[in-house]
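See below for protein37.txt, which holds compact mmCIF, C-alpha atoms and all ligand atoms.
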```
# COMPACT_ATOMS: atom_id res chain seq x y z
CA MET A 349 12.11 -20.95 20.02
CA THR A 350 14.36 -19.69 17.28
CA ASP A 351 17.84 -18.44 18.01
CA SER A 352 17.78 -14.85 16.76
CA HIS A 353 21.12 -15.31 14.96
CA GLN A 354 19.95 -18.22 12.83
CA PRO A 355 18.72 -17.51 9.29
CA LEU A 356 14.97 -17.75 8.97
CA ILE A 357 12.58 -19.04 6.34
CA VAL A 358 9.33 -17.18 6.83
CA LEU A 359 5.87 -17.89 5.47
CA GLY A 360 4.05 -14.57 5.04
CA ILE A 361 0.26 -14.25 4.82
CA GLU A 362 -1.62 -11.09 3.81
CA SER A 363 -5.41 -10.85 4.18
CA SER A 364 -6.21 -7.32 5.35
CA CYS A 365 -8.56 -6.38 2.52
CA ASP A 366 -9.42 -7.92 -0.85
CA GLU A 367 -6.24 -9.79 -1.76
CA SER A 368 -5.27 -13.20 -0.36
CA ALA A 369 -1.49 -13.28 -0.70
CA VAL A 370 1.25 -15.65 0.41
CA ALA A 371 5.05 -15.64 0.15
CA VAL A 372 8.09 -17.49 1.41
CA TYR A 373 11.08 -15.31 2.30
CA ASP A 374 14.49 -16.70 3.23
CA SER A 375 16.58 -14.22 5.24
CA GLN A 376 19.71 -15.47 3.43
CA ARG A 377 18.51 -16.30 -0.08
CA GLY A 378 15.72 -13.72 -0.43
CA LEU A 379 12.23 -14.28 -1.80
CA LEU A 380 11.64 -17.95 -2.72
CA ALA A 381 8.04 -17.80 -3.98
CA HIS A 382 4.97 -15.58 -3.86
CA ASN A 383 1.37 -15.80 -5.02
CA LEU A 384 -1.74 -13.71 -4.93
CA TYR A 385 -5.42 -14.28 -5.42
CA SER A 386 -7.34 -11.07 -6.03
CA GLN A 387 -11.00 -10.83 -5.03
CA ILE A 388 -11.57 -7.86 -7.35
CA GLU A 389 -14.16 -9.68 -9.49
CA LEU A 390 -16.10 -10.75 -6.42
CA HIS A 391 -16.47 -7.16 -5.18
CA ALA A 392 -16.66 -5.38 -8.55
CA GLU A 393 -20.44 -5.67 -8.89
CA TYR A 394 -20.85 -3.85 -5.53
CA GLY A 395 -18.44 -1.04 -6.51
CA GLY A 396 -16.25 -1.65 -3.45
CA VAL A 397 -15.11 -4.27 -0.94
CA VAL A 398 -17.89 -6.14 0.94
CA PRO A 399 -16.20 -7.15 4.24
CA GLU A 400 -18.19 -10.33 4.89
CA LEU A 401 -17.56 -11.65 1.37
CA ALA A 402 -13.86 -10.80 1.75
CA SER A 403 -13.50 -12.85 4.97
CA ARG A 404 -15.21 -15.89 3.46
CA ASP A 405 -13.09 -15.76 0.33
CA HIS A 406 -9.85 -15.55 2.35
CA ILE A 407 -10.89 -18.71 4.21
CA ARG A 408 -11.64 -20.43 0.90
CA LYS A 409 -8.47 -19.37 -0.94
CA LEU A 410 -5.63 -19.07 1.56
CA THR A 411 -4.99 -22.76 2.25
CA PRO A 412 -4.61 -23.81 -1.43
CA LEU A 413 -2.49 -20.67 -2.00
CA ILE A 414 -0.21 -21.61 0.91
CA LEU A 415 0.20 -25.18 -0.39
CA GLN A 416 1.00 -23.88 -3.89
CA THR A 417 3.52 -21.34 -2.61
CA LEU A 418 5.30 -23.86 -0.37
CA GLU A 419 5.59 -26.20 -3.34
CA GLU A 420 6.97 -23.46 -5.60
CA ALA A 421 9.47 -22.54 -2.87
CA GLY A 422 10.74 -26.17 -2.89
CA GLN A 423 9.04 -27.29 0.36
CA PRO A 424 11.58 -25.59 2.65
CA GLN A 425 11.43 -26.06 6.40
CA ILE A 426 9.52 -22.99 7.58
CA THR A 427 11.03 -21.47 10.73
CA GLY A 428 8.63 -18.56 11.26
CA VAL A 429 5.15 -17.39 10.23
CA ALA A 430 4.24 -13.74 9.61
CA TYR A 431 0.68 -12.53 9.07
CA THR A 432 -0.99 -9.15 8.72
CA ALA A 433 -2.47 -8.30 12.14
CA GLY A 434 -3.80 -4.85 11.15
CA PRO A 435 -4.88 -2.30 10.18
CA GLY A 436 -7.62 -3.62 7.92
CA LEU A 437 -11.01 -5.34 7.83
CA ILE A 438 -11.30 -7.21 11.10
CA GLY A 439 -12.95 -10.37 9.70
CA ALA A 440 -10.41 -10.56 6.86
CA LEU A 441 -7.52 -10.12 9.31
CA LEU A 442 -8.92 -12.84 11.59
CA ALA A 443 -9.23 -15.27 8.67
CA GLY A 444 -5.54 -14.96 7.74
CA GLY A 445 -4.38 -14.69 11.36
CA ALA A 446 -6.17 -17.89 12.41
CA ILE A 447 -4.60 -19.90 9.58
CA ALA A 448 -1.15 -18.41 10.28
CA ARG A 449 -1.34 -19.05 14.02
CA SER A 450 -2.57 -22.63 13.51
CA LEU A 451 0.34 -23.38 11.18
CA ALA A 452 2.87 -21.84 13.57
CA TYR A 453 1.41 -23.89 16.43
CA ALA A 454 1.48 -27.12 14.42
CA TRP A 455 5.02 -26.50 13.17
CA GLN A 456 6.19 -25.28 16.60
CA VAL A 457 7.69 -22.12 15.16
CA PRO A 458 7.27 -18.47 16.25
CA ALA A 459 4.55 -16.32 14.72
CA ILE A 460 4.50 -12.55 14.33
CA GLY A 461 1.63 -10.17 13.60
CA VAL A 462 2.81 -7.60 11.06
CA HIS A 463 1.57 -4.02 10.64
CA HIS A 464 0.25 -3.83 7.07
CA MET A 465 1.71 -0.34 6.50
CA GLU A 466 5.12 -1.40 7.82
CA GLY A 467 4.91 -4.11 5.17
CA HIS A 468 4.27 -1.48 2.47
CA LEU A 469 6.98 0.78 3.88
CA LEU A 470 9.64 -1.96 3.78
CA ALA A 471 8.58 -3.41 0.39
CA PRO A 472 11.34 -1.52 -1.53
CA MET A 473 13.88 -3.41 0.64
CA LEU A 474 13.07 -6.51 -1.43
CA GLU A 475 14.65 -4.88 -4.50
CA ASP A 476 18.30 -5.16 -5.58
CA ASN A 477 19.05 -1.52 -4.79
CA PRO A 478 17.36 -0.96 -1.41
CA PRO A 479 17.13 2.50 0.21
CA MET A 480 19.33 3.38 3.20
CA PHE A 481 17.97 4.88 6.43
CA PRO A 482 17.08 7.62 7.22
CA PHE A 483 14.50 8.51 4.60
CA ILE A 484 11.11 10.10 4.03
CA ALA A 485 8.37 7.61 3.16
CA LEU A 486 5.20 8.47 1.29
CA LEU A 487 2.66 5.71 1.93
CA VAL A 488 -0.27 6.03 -0.44
CA SER A 489 -2.90 3.31 -0.53
CA GLY A 490 -6.66 2.84 -0.53
CA GLY A 491 -6.84 3.43 3.22
CA HIS A 492 -3.83 5.63 4.03
CA THR A 493 -1.92 8.68 2.84
CA MET A 494 1.00 9.35 5.16
CA ILE A 495 4.34 11.10 5.10
CA ILE A 496 6.72 9.52 7.58
CA ARG A 497 10.26 10.10 8.73
CA VAL A 498 11.94 6.69 8.92
CA ASP A 499 15.15 6.30 10.93
CA GLY A 500 15.17 2.49 11.02
CA ILE A 501 12.76 -0.42 11.26
CA GLY A 502 10.10 0.58 13.80
CA ARG A 503 11.51 4.10 14.11
CA TYR A 504 8.69 6.01 12.48
CA ARG A 505 7.54 9.60 13.02
CA LEU A 506 4.32 10.63 11.31
CA LEU A 507 4.92 14.03 9.69
CA GLY A 508 1.76 14.36 7.63
CA ASP A 509 -1.53 12.57 7.12
CA THR A 510 -4.72 13.01 5.16
CA LEU A 511 -7.44 14.84 7.07
CA ASP A 512 -10.18 12.98 5.20
CA ASP A 513 -10.05 10.55 2.23
CA ALA A 514 -6.93 8.57 1.35
CA ALA A 515 -5.49 9.29 -2.13
CA GLY A 516 -6.45 5.80 -3.36
CA GLU A 517 -9.96 6.24 -2.02
CA ALA A 518 -10.31 9.49 -4.00
CA PHE A 519 -9.17 7.64 -7.17
CA ASP A 520 -11.72 4.89 -6.46
CA LYS A 521 -14.58 7.35 -5.85
CA THR A 522 -13.74 9.45 -8.91
CA ALA A 523 -13.91 6.29 -11.03
CA LYS A 524 -17.14 5.10 -9.42
CA MET A 525 -19.03 8.37 -9.97
CA MET A 526 -18.30 8.19 -13.72
CA GLY A 527 -19.33 4.52 -13.84
CA LEU A 528 -15.76 3.33 -14.45
CA GLY A 529 -15.58 0.30 -12.16
CA TYR A 530 -13.47 -0.84 -9.23
CA PRO A 531 -10.69 -0.43 -8.16
CA GLY A 532 -10.54 3.03 -9.69
CA GLY A 533 -6.83 3.85 -9.50
CA PRO A 534 -5.57 1.79 -12.44
CA ILE A 535 -8.67 2.65 -14.54
CA VAL A 536 -8.39 6.41 -13.93
CA SER A 537 -4.68 6.26 -14.63
CA LYS A 538 -5.17 4.44 -17.94
CA LEU A 539 -7.96 6.75 -19.14
CA ALA A 540 -5.96 9.82 -18.10
CA GLN A 541 -3.44 9.01 -20.83
CA GLN A 542 -6.09 9.99 -23.40
CA GLY A 543 -7.13 13.07 -21.47
CA ASP A 544 -6.49 16.70 -22.38
CA ALA A 545 -4.59 18.32 -19.50
CA THR A 546 -5.71 21.84 -20.50
CA ARG A 547 -9.49 21.34 -20.45
CA TYR A 548 -10.03 21.32 -16.67
CA LYS A 549 -7.93 22.81 -13.91
CA PHE A 550 -8.38 21.10 -10.53
CA PRO A 551 -7.24 22.67 -7.24
CA ARG A 552 -4.08 21.52 -5.37
CA PRO A 553 -5.57 21.09 -1.88
CA MET A 554 -3.73 22.44 1.18
CA VAL A 555 -0.52 23.34 -0.62
CA ASP A 556 -0.84 27.01 0.38
CA ARG A 557 -1.06 26.11 4.04
CA PRO A 558 2.06 25.30 6.05
CA GLY A 559 2.59 21.73 7.25
CA LEU A 560 2.44 18.30 5.71
CA ASP A 561 -1.18 17.29 6.17
CA MET A 562 -3.23 16.58 3.08
CA SER A 563 -6.87 16.42 2.03
CA PHE A 564 -8.39 14.60 -0.94
CA SER A 565 -12.14 14.68 -0.37
CA GLY A 566 -12.40 18.16 -1.95
CA LEU A 567 -10.74 16.87 -5.12
CA LYS A 568 -13.22 14.01 -5.27
CA THR A 569 -16.08 16.51 -4.94
CA PHE A 570 -14.47 18.65 -7.65
CA SER A 571 -14.51 15.59 -9.95
CA LEU A 572 -18.17 14.99 -9.12
CA ASN A 573 -19.20 18.61 -9.76
CA THR A 574 -17.24 18.73 -13.03
CA TRP A 575 -18.90 15.50 -14.15
CA HIS A 576 -22.40 16.74 -13.22
CA LYS A 577 -21.83 20.01 -15.09
CA ALA A 578 -20.69 18.10 -18.18
CA LYS A 579 -23.77 15.87 -17.88
CA ALA A 580 -26.10 18.88 -17.70
CA GLN A 581 -24.52 20.14 -20.94
CA GLY A 582 -24.92 16.74 -22.61
CA ASP A 583 -21.16 16.35 -22.56
CA ASP A 584 -21.00 13.17 -20.48
CA ASN A 585 -18.91 11.14 -22.92
CA ASP A 586 -15.66 9.17 -22.86
CA GLN A 587 -13.51 12.17 -23.77
CA THR A 588 -14.91 14.13 -20.82
CA ARG A 589 -14.22 11.14 -18.56
CA ALA A 590 -10.63 11.01 -19.78
CA ASP A 591 -10.17 14.77 -19.35
CA ILE A 592 -11.50 14.62 -15.77
CA CYS A 593 -9.23 11.63 -15.02
CA ARG A 594 -6.23 13.56 -16.37
CA ALA A 595 -6.98 16.74 -14.39
CA PHE A 596 -7.67 14.75 -11.23
CA GLU A 597 -4.51 12.63 -11.53
CA LEU A 598 -2.34 15.70 -12.16
CA ALA A 599 -3.79 17.43 -9.10
CA VAL A 600 -3.08 14.41 -6.87
CA ALA A 601 0.44 14.01 -8.30
CA ASP A 602 1.27 17.71 -7.83
CA THR A 603 -0.11 17.77 -4.30
CA LEU A 604 1.87 14.70 -3.23
CA THR A 605 5.04 16.05 -4.87
CA ILE A 606 4.76 19.46 -3.16
CA LYS A 607 4.26 17.77 0.24
CA CYS A 608 7.18 15.36 -0.27
CA LYS A 609 9.47 18.24 -1.26
CA ARG A 610 8.44 20.10 1.87
CA ALA A 611 9.06 17.02 4.07
CA LEU A 612 12.53 16.43 2.59
CA GLU A 613 13.45 20.10 3.12
CA GLN A 614 12.06 20.15 6.66
CA GLU A 615 13.97 17.00 7.70
CA GLY A 616 17.13 17.72 5.72
CA LEU A 617 16.90 14.39 3.87
CA ASN A 618 17.28 13.46 0.21
CA THR A 619 16.02 9.88 0.03
CA LEU A 620 12.35 9.22 -0.70
CA VAL A 621 10.55 5.88 -0.46
CA VAL A 622 7.13 5.64 -2.09
CA SER A 623 4.92 2.64 -1.52
CA GLY A 624 1.29 1.44 -1.31
CA GLY A 625 -1.16 0.82 -4.17
CA VAL A 626 -1.16 4.41 -5.48
CA SER A 627 2.65 4.31 -5.88
CA ALA A 628 2.01 2.20 -9.00
CA ASN A 629 0.73 5.39 -10.65
CA ARG A 630 2.91 6.52 -13.57
CA GLU A 631 2.17 10.24 -13.34
CA ILE A 632 2.92 10.31 -9.61
CA ARG A 633 6.17 8.40 -10.15
CA ALA A 634 7.21 10.73 -12.97
CA LYS A 635 6.65 13.86 -10.87
CA LEU A 636 8.43 12.42 -7.83
CA ASP A 637 11.34 11.23 -9.99
CA ALA A 638 11.64 14.72 -11.49
CA LEU A 639 11.67 16.22 -7.99
CA MET A 640 14.42 13.86 -6.81
CA LEU A 641 16.47 14.40 -9.97
CA LYS A 642 16.34 18.15 -9.41
CA ARG A 643 17.39 17.68 -5.77
CA LYS A 644 20.11 15.18 -6.77
CA GLY A 645 18.51 12.69 -4.41
CA GLU A 646 16.85 9.35 -5.11
CA ALA A 647 13.33 7.92 -5.08
CA PHE A 648 12.75 4.23 -4.34
CA TYR A 649 9.64 2.22 -5.21
CA PRO A 650 8.71 -1.44 -4.93
CA ARG A 651 8.40 -3.32 -8.23
CA LEU A 652 4.88 -2.75 -9.60
CA GLU A 653 3.38 -6.01 -8.33
CA PHE A 654 4.59 -5.21 -4.79
CA CYS A 655 3.10 -1.68 -4.76
CA THR A 656 -0.37 -3.09 -4.11
CA ASP A 657 -1.06 -5.65 -1.36
CA ASN A 658 1.14 -8.74 -1.47
CA GLY A 659 2.52 -11.50 0.74
CA ALA A 660 6.20 -10.74 0.09
CA MET A 661 6.15 -7.47 2.05
CA ILE A 662 4.53 -9.23 5.04
CA ALA A 663 7.04 -12.11 4.95
CA TYR A 664 9.91 -9.60 4.72
CA ALA A 665 8.71 -7.28 7.52
CA GLY A 666 7.90 -10.28 9.73
CA ALA A 667 11.33 -11.81 9.08
CA GLN A 668 13.07 -8.61 10.24
CA ARG A 669 11.13 -8.64 13.51
CA LEU A 670 11.55 -12.39 14.06
CA LEU A 671 15.30 -12.04 13.40
CA ALA A 672 15.37 -9.40 16.14
CA GLY A 673 13.87 -11.99 18.50
CA GLU A 674 10.28 -10.69 18.51
CA HIS A 675 7.22 -12.92 18.35
CA ASN A 676 3.62 -12.76 19.53
CA ASP A 677 1.65 -14.99 21.86
CA LEU A 678 -1.12 -17.23 20.58
CA ASN A 679 -3.80 -14.81 21.76
CA PHE A 680 -2.43 -11.79 19.83
CA ALA A 681 -5.45 -9.87 18.56
CA ALA A 682 -6.13 -8.46 15.10
CA LYS A 683 -6.44 -4.67 15.06
CA ALA A 684 -8.72 -2.81 12.67
CA ARG A 685 -6.90 0.41 13.63
CA TRP A 686 -3.24 0.53 14.55
CA SER A 687 -0.85 3.49 14.49
CA LEU A 688 2.57 2.94 12.90
CA GLU A 689 4.10 5.04 15.67
CA GLU A 690 3.11 2.38 18.24
CA LEU A 691 5.57 -0.11 16.72
CA LYS A 692 8.74 -0.97 18.60
CA PRO A 693 12.11 -0.11 17.10
CA ILE A 694 14.36 -3.07 16.40
O1 LIG B 1 -2.06 -0.88 -1.07
P1 LIG B 1 -3.32 -1.31 -1.70
O2 LIG B 1 -3.30 -2.50 -2.62
O3 LIG B 1 -4.41 -1.63 -0.62
C1 LIG B 1 -4.55 -0.89 0.55
O4 LIG B 1 -3.79 -1.18 1.53
O5 LIG B 1 -5.40 0.04 0.52
O6 LIG B 1 -3.90 -0.02 -2.46
C2 LIG B 1 -5.08 -0.07 -3.19
C3 LIG B 1 -5.35 1.32 -3.74
C4 LIG B 1 -6.70 1.44 -4.42
O7 LIG B 1 -7.35 2.62 -3.95
C5 LIG B 1 -6.36 1.54 -5.89
O8 LIG B 1 -7.31 2.26 -6.64
C6 LIG B 1 -5.02 2.25 -5.83
O9 LIG B 1 -4.37 1.67 -4.72
N1 LIG B 1 -4.21 2.07 -7.05
C7 LIG B 1 -3.85 3.08 -7.87
C8 LIG B 1 -3.13 2.49 -8.95
N2 LIG B 1 -3.07 1.15 -8.73
C9 LIG B 1 -3.74 0.90 -7.56
N3 LIG B 1 -4.09 4.40 -7.79
C10 LIG B 1 -3.61 5.19 -8.79
N4 LIG B 1 -2.92 4.71 -9.85
C11 LIG B 1 -2.67 3.38 -9.97
N5 LIG B 1 -2.00 2.93 -11.02
ZN ZN B 2 -2.13 -2.09 1.35
```

Once more with this new file: its structure as structure tokens, please.
Ligand code: KG4
Ligand code: ZN
Amino acid sequence: MTDSHQPLIVLGIESSCDESAVAVYDSQRGLLAHNLYSQIELHAEYGGVVPELASRDHIRKLTPLILQTLEEAGQPQITGVAYTAGPGLIGALLAGGAIARSLAYAWQVPAIGVHHMEGHLLAPMLEDNPPMFPFIALLVSGGHTMIIRVDGIGRYRLLGDTLDDAAGEAFDKTAKMMGLGYPGGPIVSKLAQQGDATRYKFPRPMVDRPGLDMSFSGLKTFSLNTWHKAKAQGDDNDQTRADICRAFELAVADTLTIKCKRALEQEGLNTLVVSGGVSANREIRAKLDALMLKRKGEAFYPRLEFCTDNGAMIAYAGAQRLLAGEHNDLNFAAKARWSLEELKPI
């Protein structure tokens, strides 16, 4: 087994949903190579991810992606393997986990199952100017919307969560109901740029109530009702779509900003980390940046390609845990559900 003080070169594998992603991270030299194969086209005709198709495509694509990434990294000697063990689609997780575990066994190196959201949370650490602990993290993806107090790796306290849909899910559903395709977030965000912000006023859910929990299913319903009303008036055109996208995006951005401000005040902190697919959103970034500027604090984001699912964040998070001497047995199970608060501090 690896001496915990030795530098590590970690192969990271992500397969929790609809992206097959691989990276090689060197604990001394940083990221050596990373690649991603997106299954978006495969799922697009169904308007969302089909789990069985996702698992099969991971099996098909991961091995060539691993070979390509190892080559681009200069064929280094891998000393640890990290893979996403959850939360996510169970078949997709098993596909990546089985390949990762087999490689670790063949290479006789330790393997570690990484929590997908810990990967997202630590993704900004891959940048040149990484955030310092403690901080507030806003994790906004297709499956999660969480506000977390972070005091170190594995030291996570959930302060707020969505009571229903995740923010990304609400973007995806808003796009789908107007026939805009999948995944909805980037499409809604692009169309919103042509939208008139004054035409519709959407609610800011749960901001009048104390606490840090959130809710996005009402906003999605508001989009649907607004769209149906426009349709009934023969107004179901591209401008209406853009105006709904704009009003919806502004409502999500405002809601997230109000909750982050409240979390920072409550915890007496002034560093904010924002990660997960929805953190690629320009409007949300602009509002959070304005908040942090006003507070004389700082907001940290991953580079755009590492906001959505990627292998680099899994390789990085796994490397930190392997460096601390952690690893999992061969029979470590994939978990469809897994709370961040269950993770061990390192
Ligand atoms: O983190 P991620 O790649 O996968 C999950 O772990 O869920 O996040 C995907 C989500 C999708 O719901 C997608 O629509 C959303 O992130 N997303 C965006 C943007 N880019 C991706 N939402 C809003 N604006 C964007 N620019
Ligand atoms: Zn994700």

field: Residues near Ile361 in chain A, cut-off 10 Å, all atoms listed in the file, skip fewer than 2 positions along chain, as a VMD selection string
entry: chain A and resid 358 to 359 363 to 364 368 to 372 382 384 410 413 to 414 429 to 433 441 444 to 445 447 to 448 461 to 462 658 to 663 666

Please dump the current selection as an mmCIF file, keeping the file's coordinate frame; keep C-alpha atoms.
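New file again_39.cif:
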```cif
data_model
loop_
_atom_site.group_PDB
_atom_site.id
_atom_site.type_symbol
_atom_site.label_atom_id
_atom_site.label_comp_id
_atom_site.auth_asym_id
_atom_site.auth_seq_id
_atom_site.Cartn_x
_atom_site.Cartn_y
_atom_site.Cartn_z
ATOM 1 C CA VAL A 358 9.330 -17.180 6.830
ATOM 2 C CA LEU A 359 5.870 -17.890 5.470
ATOM 3 C CA SER A 363 -5.410 -10.850 4.180
ATOM 4 C CA SER A 364 -6.210 -7.320 5.350
ATOM 5 C CA SER A 368 -5.270 -13.200 -0.360
ATOM 6 C CA ALA A 369 -1.490 -13.280 -0.700
ATOM 7 C CA VAL A 370 1.250 -15.650 0.410
ATOM 8 C CA ALA A 371 5.050 -15.640 0.150
ATOM 9 C CA VAL A 372 8.090 -17.490 1.410
ATOM 10 C CA HIS A 382 4.970 -15.580 -3.860
ATOM 11 C CA LEU A 384 -1.740 -13.710 -4.930
ATOM 12 C CA LEU A 410 -5.630 -19.070 1.560
ATOM 13 C CA LEU A 413 -2.490 -20.670 -2.000
ATOM 14 C CA ILE A 414 -0.210 -21.610 0.910
ATOM 15 C CA VAL A 429 5.150 -17.390 10.230
ATOM 16 C CA ALA A 430 4.240 -13.740 9.610
ATOM 17 C CA TYR A 431 0.680 -12.530 9.070
ATOM 18 C CA THR A 432 -0.990 -9.150 8.720
ATOM 19 C CA ALA A 433 -2.470 -8.300 12.140
ATOM 20 C CA LEU A 441 -7.520 -10.120 9.310
ATOM 21 C CA GLY A 444 -5.540 -14.960 7.740
ATOM 22 C CA GLY A 445 -4.380 -14.690 11.360
ATOM 23 C CA ILE A 447 -4.600 -19.900 9.580
ATOM 24 C CA ALA A 448 -1.150 -18.410 10.280
ATOM 25 C CA GLY A 461 1.630 -10.170 13.600
ATOM 26 C CA VAL A 462 2.810 -7.600 11.060
ATOM 27 C CA ASN A 658 1.140 -8.740 -1.470
ATOM 28 C CA GLY A 659 2.520 -11.500 0.740
ATOM 29 C CA ALA A 660 6.200 -10.740 0.090
ATOM 30 C CA MET A 661 6.150 -7.470 2.050
ATOM 31 C CA ILE A 662 4.530 -9.230 5.040
ATOM 32 C CA ALA A 663 7.040 -12.110 4.950
ATOM 33 C CA GLY A 666 7.900 -10.280 9.730
#
```

- request: Collect all residues with atoms no farther than 9 Å from ligand ZN 2 (chain B), counting all atoms listed in the file, and output them as a list in words.
  value: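 Those residues are Ser364, Cys365, Gly436, His464, Met465, Gly467, His468, Val488, Ser489, Gly490, Gly491, His492, Ser623, Gly624, Gly625, Cys655, Thr656, Asp657 and Asn658 of chain A.
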
How would the residues just chosen look if you wrote them out with C-alpha atoms as a tab-separated table (two decimals), keeping the file's coordinate frame?
```
chain	number	residue	atom	x	y	z
A	364	SER	CA	-6.21	-7.32	5.35
A	365	CYS	CA	-8.56	-6.38	2.52
A	436	GLY	CA	-7.62	-3.62	7.92
A	464	HIS	CA	0.25	-3.83	7.07
A	465	MET	CA	1.71	-0.34	6.50
A	467	GLY	CA	4.91	-4.11	5.17
A	468	HIS	CA	4.27	-1.48	2.47
A	488	VAL	CA	-0.27	6.03	-0.44
A	489	SER	CA	-2.90	3.31	-0.53
A	490	GLY	CA	-6.66	2.84	-0.53
A	491	GLY	CA	-6.84	3.43	3.22
A	492	HIS	CA	-3.83	5.63	4.03
A	623	SER	CA	4.92	2.64	-1.52
A	624	GLY	CA	1.29	1.44	-1.31
A	625	GLY	CA	-1.16	0.82	-4.17
A	655	CYS	CA	3.10	-1.68	-4.76
A	656	THR	CA	-0.37	-3.09	-4.11
A	657	ASP	CA	-1.06	-5.65	-1.36
A	658	ASN	CA	1.14	-8.74	-1.47
```

statement: Restricting to all atoms listed in the file, whichever of A:Leu507, A:Met525, A:Leu598, A:Ala580 is closest to Gly559 in chain A is A:Leu507

field: Nearest to Glu393 in chain A by atom-to-atom distance, counting all atoms listed in the file, from A:Leu380, A:Pro424, A:Pro531, A:Leu470
entry: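 Ranked by minimum distance to Glu393 in chain A, first place goes to A:Pro531.
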
task: Would you mind reading off the distance between CA of Tyr453 in chain A and CA of Gly360 in chain A, one decimal, in Å?
output: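 Those two atoms sit 15.0 Å apart.
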
Selection: 12 Å around Gly428 in chain A, only C-alpha atoms, excl. self and same-chain fewer than 6 positions, as a PDB file with C-alpha atoms, keeping the file's coordinate frame:
```pdb
ATOM      1  CA  MET A 349      12.110 -20.950  20.020  1.00  0.00           C
ATOM      2  CA  THR A 350      14.360 -19.690  17.280  1.00  0.00           C
ATOM      3  CA  ASP A 351      17.840 -18.440  18.010  1.00  0.00           C
ATOM      4  CA  SER A 352      17.780 -14.850  16.760  1.00  0.00           C
ATOM      5  CA  GLN A 354      19.950 -18.220  12.830  1.00  0.00           C
ATOM      6  CA  PRO A 355      18.720 -17.510   9.290  1.00  0.00           C
ATOM      7  CA  LEU A 356      14.970 -17.750   8.970  1.00  0.00           C
ATOM      8  CA  ILE A 357      12.580 -19.040   6.340  1.00  0.00           C
ATOM      9  CA  VAL A 358       9.330 -17.180   6.830  1.00  0.00           C
ATOM     10  CA  LEU A 359       5.870 -17.890   5.470  1.00  0.00           C
ATOM     11  CA  GLY A 360       4.050 -14.570   5.040  1.00  0.00           C
ATOM     12  CA  ILE A 361       0.260 -14.250   4.820  1.00  0.00           C
ATOM     13  CA  VAL A 372       8.090 -17.490   1.410  1.00  0.00           C
ATOM     14  CA  TYR A 373      11.080 -15.310   2.300  1.00  0.00           C
ATOM     15  CA  ASP A 374      14.490 -16.700   3.230  1.00  0.00           C
ATOM     16  CA  SER A 375      16.580 -14.220   5.240  1.00  0.00           C
ATOM     17  CA  ALA A 448      -1.150 -18.410  10.280  1.00  0.00           C
ATOM     18  CA  ARG A 449      -1.340 -19.050  14.020  1.00  0.00           C
ATOM     19  CA  LEU A 451       0.340 -23.380  11.180  1.00  0.00           C
ATOM     20  CA  ALA A 452       2.870 -21.840  13.570  1.00  0.00           C
ATOM     21  CA  TYR A 453       1.410 -23.890  16.430  1.00  0.00           C
ATOM     22  CA  ALA A 454       1.480 -27.120  14.420  1.00  0.00           C
ATOM     23  CA  TRP A 455       5.020 -26.500  13.170  1.00  0.00           C
ATOM     24  CA  GLN A 456       6.190 -25.280  16.600  1.00  0.00           C
ATOM     25  CA  VAL A 457       7.690 -22.120  15.160  1.00  0.00           C
ATOM     26  CA  PRO A 458       7.270 -18.470  16.250  1.00  0.00           C
ATOM     27  CA  ALA A 459       4.550 -16.320  14.720  1.00  0.00           C
ATOM     28  CA  ILE A 460       4.500 -12.550  14.330  1.00  0.00           C
ATOM     29  CA  GLY A 461       1.630 -10.170  13.600  1.00  0.00           C
ATOM     30  CA  ILE A 662       4.530  -9.230   5.040  1.00  0.00           C
ATOM     31  CA  ALA A 663       7.040 -12.110   4.950  1.00  0.00           C
ATOM     32  CA  TYR A 664       9.910  -9.600   4.720  1.00  0.00           C
ATOM     33  CA  ALA A 665       8.710  -7.280   7.520  1.00  0.00           C
ATOM     34  CA  GLY A 666       7.900 -10.280   9.730  1.00  0.00           C
ATOM     35  CA  ALA A 667      11.330 -11.810   9.080  1.00  0.00           C
ATOM     36  CA  GLN A 668      13.070  -8.610  10.240  1.00  0.00           C
ATOM     37  CA  ARG A 669      11.130  -8.640  13.510  1.00  0.00           C
ATOM     38  CA  LEU A 670      11.550 -12.390  14.060  1.00  0.00           C
ATOM     39  CA  LEU A 671      15.300 -12.040  13.400  1.00  0.00           C
ATOM     40  CA  GLY A 673      13.870 -11.990  18.500  1.00  0.00           C
ATOM     41  CA  GLU A 674      10.280 -10.690  18.510  1.00  0.00           C
ATOM     42  CA  HIS A 675       7.220 -12.920  18.350  1.00  0.00           C
ATOM     43  CA  ASN A 676       3.620 -12.760  19.530  1.00  0.00           C
TER      44      ASN A 676
END
```

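Our summary of the geometry notes that atom N1 of ligand LIG 1 (chain B) is positioned 17.7 Å from CA of Tyr394 in chain A.
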
- prompt: atom C10 of ligand LIG 1 (chain B) and CA of Lys642 in chain A, how far apart in Å?
  reply: 23.8 Å

Non-local contacts of Pro693 in chain A (9 Å; all atoms listed in the file; under 2 positions in same chain excluded) as a JSON list (two decimals) with C-alpha atoms, in the coordinates of the input:
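The result, written out as around_6.json:
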```
[["chain", "number", "residue", "atom", "x", "y", "z"],
["A", 500, "GLY", "CA", 15.17, 2.49, 11.02],
["A", 501, "ILE", "CA", 12.76, -0.42, 11.26],
["A", 502, "GLY", "CA", 10.10, 0.58, 13.80],
["A", 503, "ARG", "CA", 11.51, 4.10, 14.11],
["A", 504, "TYR", "CA", 8.69, 6.01, 12.48],
["A", 691, "LEU", "CA", 5.57, -0.11, 16.72]]
```

message: List as a list in words the protein and nucleic acid residues near Ile484 in chain A, meaning an atom at most 10 Å away when all atoms listed in the file are counted, but skip any in the same chain fewer than 3 places from it.
response: Phe481, Leu487, Ile495, Ile496, Arg497, Val498, Asp499, Tyr504, Arg505, Leu506, Leu507, Cys608, Lys609, Ala611, Leu612, Glu615, Gly616, Leu617, Asn618, Thr619, Leu620, Val621, Val622 and Ala647 of chain A
